[in-house]
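Engineer: What follows is query28.cif, made up of mmCIF, C-alpha atoms and all ligand atoms:
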```
data_entry
loop_
_atom_site.group_PDB
_atom_site.id
_atom_site.type_symbol
_atom_site.label_atom_id
_atom_site.label_comp_id
_atom_site.auth_asym_id
_atom_site.auth_seq_id
_atom_site.Cartn_x
_atom_site.Cartn_y
_atom_site.Cartn_z
ATOM 1 C CA MET A 1004 97.111 107.882 100.551
ATOM 2 C CA LEU A 1005 97.979 109.420 97.220
ATOM 3 C CA ILE A 1006 99.371 107.395 94.376
ATOM 4 C CA THR A 1007 102.436 109.603 94.315
ATOM 5 C CA GLU A 1008 103.329 108.220 97.720
ATOM 6 C CA ILE A 1009 103.238 104.623 96.564
ATOM 7 C CA LYS A 1010 106.408 102.910 95.426
ATOM 8 C CA ILE A 1011 107.308 99.404 94.388
ATOM 9 C CA GLY A 1012 108.074 97.416 97.496
ATOM 10 C CA ASP A 1013 105.797 99.426 99.769
ATOM 11 C CA LYS A 1014 103.664 97.461 102.157
ATOM 12 C CA MET A 1015 99.974 98.221 101.862
ATOM 13 C CA LYS A 1016 96.692 96.906 103.095
ATOM 14 C CA ILE A 1017 94.732 95.040 100.481
ATOM 15 C CA PRO A 1018 91.172 96.290 100.265
ATOM 16 C CA ALA A 1019 88.566 93.614 100.777
ATOM 17 C CA ASP A 1020 86.762 92.818 97.586
ATOM 18 C CA GLN A 1021 83.632 90.787 97.010
ATOM 19 C CA LYS A 1022 85.098 88.752 94.177
ATOM 20 C CA PHE A 1023 88.827 88.406 94.409
ATOM 21 C CA HIS A 1024 89.952 89.151 97.910
ATOM 22 C CA PRO A 1025 87.141 88.859 100.461
ATOM 23 C CA GLU A 1026 89.387 88.677 103.508
ATOM 24 C CA TYR A 1027 89.840 91.814 105.550
ATOM 25 C CA GLY A 1028 93.056 92.750 107.230
ATOM 26 C CA HIS A 1029 95.587 91.325 104.814
ATOM 27 C CA SER A 1030 98.615 93.334 103.835
ATOM 28 C CA GLY A 1031 100.925 92.895 100.909
ATOM 29 C CA LYS A 1032 103.793 94.339 98.961
ATOM 30 C CA VAL A 1033 103.369 96.556 95.920
ATOM 31 C CA VAL A 1034 104.966 94.739 92.993
ATOM 32 C CA TRP A 1035 103.695 96.796 90.040
ATOM 33 C CA ILE A 1036 102.256 100.248 89.360
ATOM 34 C CA SER A 1037 100.523 101.134 86.101
ATOM 35 C CA GLU A 1038 101.873 103.943 83.941
ATOM 36 C CA ASP A 1039 98.912 106.139 84.709
ATOM 37 C CA GLY A 1040 99.323 105.408 88.393
ATOM 38 C CA LYS A 1041 95.729 104.338 88.792
ATOM 39 C CA THR A 1042 96.270 100.649 89.293
ATOM 40 C CA VAL A 1043 98.713 98.749 91.429
ATOM 41 C CA ALA A 1044 99.412 95.068 91.893
ATOM 42 C CA ILE A 1045 99.898 93.913 95.451
ATOM 43 C CA GLN A 1046 101.251 90.535 96.408
ATOM 44 C CA CYS A 1047 99.442 89.345 99.497
ATOM 45 C CA GLU A 1048 101.721 88.358 102.345
ATOM 46 C CA LYS A 1049 99.296 85.603 103.302
ATOM 47 C CA ARG A 1050 98.775 82.543 101.209
ATOM 48 C CA HIS A 1051 95.468 81.873 99.528
ATOM 49 C CA ASN A 1052 94.746 78.195 99.003
ATOM 50 C CA GLY A 1053 98.418 77.594 99.640
ATOM 51 C CA LYS A 1054 99.567 79.998 96.952
ATOM 52 C CA LYS A 1055 101.110 83.415 96.846
ATOM 53 C CA VAL A 1056 98.767 85.642 94.936
ATOM 54 C CA VAL A 1057 98.862 89.108 93.417
ATOM 55 C CA PHE A 1058 95.823 91.367 93.357
ATOM 56 C CA MET A 1059 95.189 94.291 91.067
ATOM 57 C CA VAL A 1060 93.803 97.276 92.912
ATOM 58 C CA LYS A 1061 92.432 100.472 91.400
ATOM 59 C CA ILE A 1062 93.757 103.472 93.263
ATOM 60 C CA ASN A 1063 91.138 105.981 92.230
ATOM 61 C CA SER A 1064 88.535 104.347 94.417
ATOM 62 C CA ASN A 1065 88.221 105.285 98.039
ATOM 63 C CA LYS A 1066 88.777 101.723 99.181
ATOM 64 C CA TRP A 1067 92.157 102.759 100.488
ATOM 65 C CA GLY A 1068 90.524 104.816 103.158
ATOM 66 C CA ALA A 1069 87.932 102.238 104.059
ATOM 67 C CA GLN A 1070 90.051 99.671 105.834
ATOM 68 C CA PRO A 1071 88.883 98.640 109.282
HETATM 69 ZN ZN ZN B 1 95.159 88.013 101.258
#
```
As structure tokens, please, write out the structure in this file.
Structural biologist:
Amino acid sequence: MLITEIKIGDKMKIPADQKFHPEYGHSGKVVWISEDGKTVAIQCEKRHNGKKVVFMVKINSNKWGAQP
């Protein structure tokens, strides 16, 4: 998916990440896109430790295509 196709409010899969978001298969809503379009913030639709959390995701990695 190209960054130009991403808009605030879009639902996206959150890439699994060793540090911040190790769980696979979570989706969330895009709540912020950086000016250069290379980073987005996604609010996970699932709660983590009972909280709603937002994850920053760099778009210029190929993680977007690596979801199971
Ligand atoms: Zn999550």
Engineer: At what distance in Å, to one decimal, does atom CA of A:Glu1038 lie from atom CA of A:Pro1025?
Structural biologist: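 Result for atom CA of A:Pro1025 versus atom CA of A:Glu1038: 26.8 Å, one decimal.
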Engineer: Could you tell me which of A:Glu1026, A:Asp1039, A:Asp1020, A:Asp1013 comes closest to ligand ZN 1 (chain B) if we count only C-alpha atoms and all ligand atoms?
Structural biologist: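 Among the listed residues, the smallest separation from ligand ZN 1 (chain B) belongs to A:Glu1026.
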Engineer: Could you state the separation of atom CA of A:Lys1022 and atom CA of A:Glu1008 in Å, given to one decimal place?
Structural biologist: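 Computed distance, atom CA of A:Lys1022 to atom CA of A:Glu1008, equals 26.9 Å.
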Engineer: Using all atoms listed in the file, which residues of the polymer chains come no farther than 6 Å from ligand ZN 1 (chain B)? I'd like the answer as a list in words.
Structural biologist: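 The residues within 6 Å of ligand ZN 1 (chain B), counting all atoms listed in the file, are His1029, Cys1047 and Lys1049 of chain A.
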Engineer: Evaluate the PyMOL selection byres (((chain A and resi 1031) around 7) and not hetatm) and record the selected residues as a PyMOL selection string, following the chain and residue labels used in the document.
Structural biologist: chain A and resi 1014-1017+1029-1030+1032-1033+1045-1048
Engineer: Can you work out the spacing between atom CA of A:Arg1050 and atom CA of A:Phe1023 in Å, to one decimal?
Structural biologist: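 Between atom CA of A:Arg1050 and atom CA of A:Phe1023 the gap works out to 13.4 Å.
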Engineer: Report the centre and edge lengths, in Å to one decimal, of an axis-aligned box enclosing every atom of stretch 1004-1023 of chain A listed in the file, padded by 8 Å on each side, as lines of an AutoDock Vina configuration file.
Structural biologist:
```
center_x = 95.9
center_y = 99.0
center_z = 98.6
size_x = 40.4
size_y = 37.2
size_z = 24.9
```
